[in-house]
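Listing of coords18.cif; format and content: mmCIF, C-alpha atoms.
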```
data_work
loop_
_atom_site.label_atom_id
_atom_site.label_comp_id
_atom_site.auth_asym_id
_atom_site.auth_seq_id
_atom_site.Cartn_x
_atom_site.Cartn_y
_atom_site.Cartn_z
CA MET A 1 29.21 -33.20 91.71
CA SER A 2 32.61 -32.86 93.28
CA ASN A 3 35.70 -33.06 91.10
CA ILE A 4 38.78 -32.12 93.11
CA THR A 5 41.30 -33.31 90.50
CA SER A 6 40.21 -30.73 87.92
CA ALA A 7 40.91 -27.95 90.43
CA THR A 8 44.62 -28.61 89.99
CA GLY A 9 46.97 -27.82 87.16
CA THR A 10 47.63 -24.68 85.22
CA THR A 11 45.40 -21.98 83.89
CA ASP A 12 45.75 -19.46 81.11
CA THR A 13 45.23 -16.67 83.67
CA GLY A 14 48.28 -17.57 85.75
CA LEU A 15 46.09 -18.07 88.83
CA SER A 16 45.52 -21.36 90.59
CA PRO A 17 42.30 -22.98 89.31
CA ASN A 18 40.43 -22.69 92.62
CA VAL A 19 41.20 -18.96 92.88
CA ALA A 20 40.27 -18.32 89.24
CA GLY A 21 37.05 -20.33 89.72
CA ALA A 22 36.08 -18.28 92.78
CA LEU A 23 36.98 -14.97 91.12
CA ALA A 24 34.71 -15.84 88.19
CA TYR A 25 31.75 -15.20 90.52
CA VAL A 26 32.86 -11.85 91.97
CA LEU A 27 30.95 -9.60 89.54
CA GLY A 28 28.54 -12.24 88.27
CA PRO A 29 28.17 -12.47 84.50
CA ILE A 30 30.84 -9.80 83.92
CA THR A 31 33.70 -11.75 85.50
CA GLY A 32 32.14 -14.97 84.23
CA VAL A 33 32.49 -13.78 80.62
CA LEU A 34 36.00 -12.48 81.33
CA PHE A 35 37.24 -15.82 82.70
CA LEU A 36 35.40 -17.83 80.03
CA VAL A 37 37.15 -15.82 77.30
CA LEU A 38 40.57 -15.85 78.98
CA GLU A 39 40.60 -19.51 80.03
CA LYS A 40 40.91 -21.95 77.13
CA ARG A 41 42.24 -25.13 78.78
CA ASN A 42 41.14 -25.62 82.38
CA GLU A 43 37.64 -27.15 82.47
CA PHE A 44 37.22 -26.36 86.18
CA VAL A 45 37.65 -22.62 85.64
CA ARG A 46 35.55 -22.69 82.45
CA PHE A 47 32.70 -24.45 84.30
CA HIS A 48 32.66 -21.89 87.12
CA ALA A 49 32.87 -19.00 84.66
CA ALA A 50 29.93 -20.41 82.68
CA GLN A 51 27.95 -21.07 85.85
CA SER A 52 28.57 -17.48 86.95
CA ILE A 53 27.08 -16.29 83.66
CA THR A 54 24.05 -18.60 83.72
CA THR A 55 23.27 -18.07 87.40
CA GLY A 56 23.62 -14.30 87.03
CA ILE A 57 21.29 -14.17 84.03
CA LEU A 58 18.72 -16.44 85.73
CA MET A 59 18.84 -14.25 88.85
CA ILE A 60 18.28 -11.12 86.76
CA VAL A 61 15.27 -12.72 85.04
CA LEU A 62 13.89 -13.90 88.41
CA SER A 63 14.36 -10.39 89.84
CA ILE A 64 12.40 -8.87 86.96
CA VAL A 65 9.55 -11.37 87.39
CA LEU A 66 9.44 -10.81 91.14
CA SER A 67 9.46 -7.04 90.62
CA LEU A 68 6.38 -7.36 88.45
CA ILE A 69 4.72 -9.54 91.08
CA ASN A 70 5.67 -7.05 93.80
CA THR A 71 4.16 -4.23 91.74
CA VAL A 72 0.84 -6.07 91.64
CA LEU A 73 1.06 -6.98 95.34
CA ALA A 74 1.76 -3.37 96.25
CA LEU A 75 -1.73 -2.50 95.01
CA ILE A 76 -3.16 -4.46 97.94
CA PRO A 77 -3.04 -2.34 101.11
CA VAL A 78 -0.97 -3.59 104.06
CA LEU A 79 -0.86 -7.35 103.32
CA GLY A 80 0.26 -6.77 99.75
CA TRP A 81 2.94 -4.36 100.87
CA LEU A 82 4.10 -6.78 103.54
CA ALA A 83 4.24 -9.67 101.05
CA ALA A 84 6.20 -7.51 98.60
CA VAL A 85 8.75 -6.61 101.28
CA VAL A 86 9.14 -10.24 102.40
CA ILE A 87 9.60 -11.45 98.80
CA SER A 88 12.22 -8.75 98.17
CA LEU A 89 14.14 -9.58 101.37
CA VAL A 90 14.10 -13.33 100.70
CA MET A 91 15.26 -12.81 97.12
CA GLY A 92 18.04 -10.43 98.15
CA PHE A 93 19.31 -12.48 101.07
CA GLY A 94 18.95 -15.77 99.18
CA GLY A 95 20.84 -14.40 96.19
CA PHE A 96 23.63 -13.14 98.45
CA LEU A 97 23.94 -16.52 100.19
CA LEU A 98 24.00 -18.34 96.84
CA TRP A 99 26.73 -16.01 95.59
CA ILE A 100 28.89 -16.65 98.69
CA LEU A 101 28.25 -20.41 98.48
CA MET A 102 29.27 -20.58 94.81
CA MET A 103 32.52 -18.70 95.48
CA TRP A 104 33.28 -20.86 98.51
CA ARG A 105 32.61 -24.13 96.66
CA ALA A 106 34.82 -23.04 93.74
CA TYR A 107 37.61 -21.99 96.11
CA SER A 108 37.29 -25.36 97.87
CA GLY A 109 37.84 -27.14 94.54
CA ASP A 110 34.25 -28.37 94.07
CA GLU A 111 32.32 -28.33 90.81
CA TRP A 112 29.00 -27.86 92.59
CA GLU A 113 26.14 -27.39 90.13
CA VAL A 114 23.42 -24.87 90.87
CA PRO A 115 20.15 -26.49 89.74
CA LEU A 116 19.33 -25.58 86.12
CA ALA A 117 22.17 -23.05 85.85
CA GLY A 118 24.76 -25.81 86.35
CA LEU A 119 23.37 -27.89 83.49
CA LEU A 120 23.46 -24.90 81.16
CA ALA A 121 26.97 -24.08 82.35
CA ARG A 122 28.23 -27.58 81.49
CA ARG A 123 27.04 -27.09 77.90
CA ILE A 124 28.64 -23.66 77.63
CA ALA A 125 31.97 -24.68 79.22
CA SER A 126 32.57 -27.69 76.97
#
```

Would you put the structure from the file into structure tokens?
Amino acid sequence: MSNITSATGTTDTGLSPNVAGALAYVLGPITGVLFLVLEKRNEFVRFHAAQSITTGILMIVLSIVLSLINTVLALIPVLGWLAAVVISLVMGFGGFLLWILMMWRAYSGDEWEVPLAGLLARRIAS
């Protein structure tokens, strides 16, 4: 969902909404909570702060699950180790790309929803 008009106006942080929205992702849930607490009026910034929190928590949970899977896979010689390495690389690189994409979309003025995390973020931000 793209909503350029909400990326304009004033914020309680003194930053432009697109900058505040992008900065909400910098340290994941930490900056997400910070901007959610500081920003009371601008729905654009609040959405991105909430999405930073939900996406960060979901990524942490996914990392824990994949670590457990990798532990089991590591018990299988060679192929298990290879699968564990591939899963770890895909998760790390995919998470990094998602992080960059979310910051870019916020800076561009888009309210792009990450599947699942975006729906939760809408509930938190309102």

Between A:Val72, A:Val37, A:Leu66, A:Leu116, which has the minimum distance to A:Gly92 (counting all atoms listed in the file)?
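Closest to A:Gly92, using all atoms listed in the file: A:Leu66.
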
Within 10 Å of A:Leu23, counting only C-alpha atoms, which residues show up once you throw out same-chain ones fewer than 5 positions away? Write them as an NGL selection string, please.
:A and (15 or 17-18 or 28 or 31-32 or 35 or 45 or 48-49 or 52 or 103 or 106-107)

So how many Å separate atom CA of A:Gly80 and atom CA of A:Trp99, to one decimal?
28.3 Å

Find the residue from A:Pro115, A:Gln51, A:Leu97, A:Met91 that sits nearest to A:Ser67; use all atoms listed in the file when measuring.
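Smallest separation from A:Ser67 among the options: A:Met91.
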
When you draw a straight line from atom CA of A:Glu43 to atom CA of A:Ser126, how long is it in Å?
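If I compute the distance from atom CA of A:Glu43 to atom CA of A:Ser126, I get 7.5 Å.
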
Atom CA of A:Val26 to atom CA of A:Ile100, distance in Å rounded to a single decimal:
9.2 Å

Could you check the closest approach to A:Gly14 for each of A:Ile64, A:Met59, A:Leu38, A:Ile69 and tell me which residue wins, using only C-alpha atoms?
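Nearest candidate to A:Gly14 out of A:Ile64, A:Met59, A:Leu38, A:Ile69: A:Leu38.
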
Could you tell me which of A:Leu68, A:Leu73, A:Ala121, A:Ser63 comes closest to A:Gly94 if we count all atoms listed in the file?
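Among the listed residues, A:Ser63 lies closest to A:Gly94.
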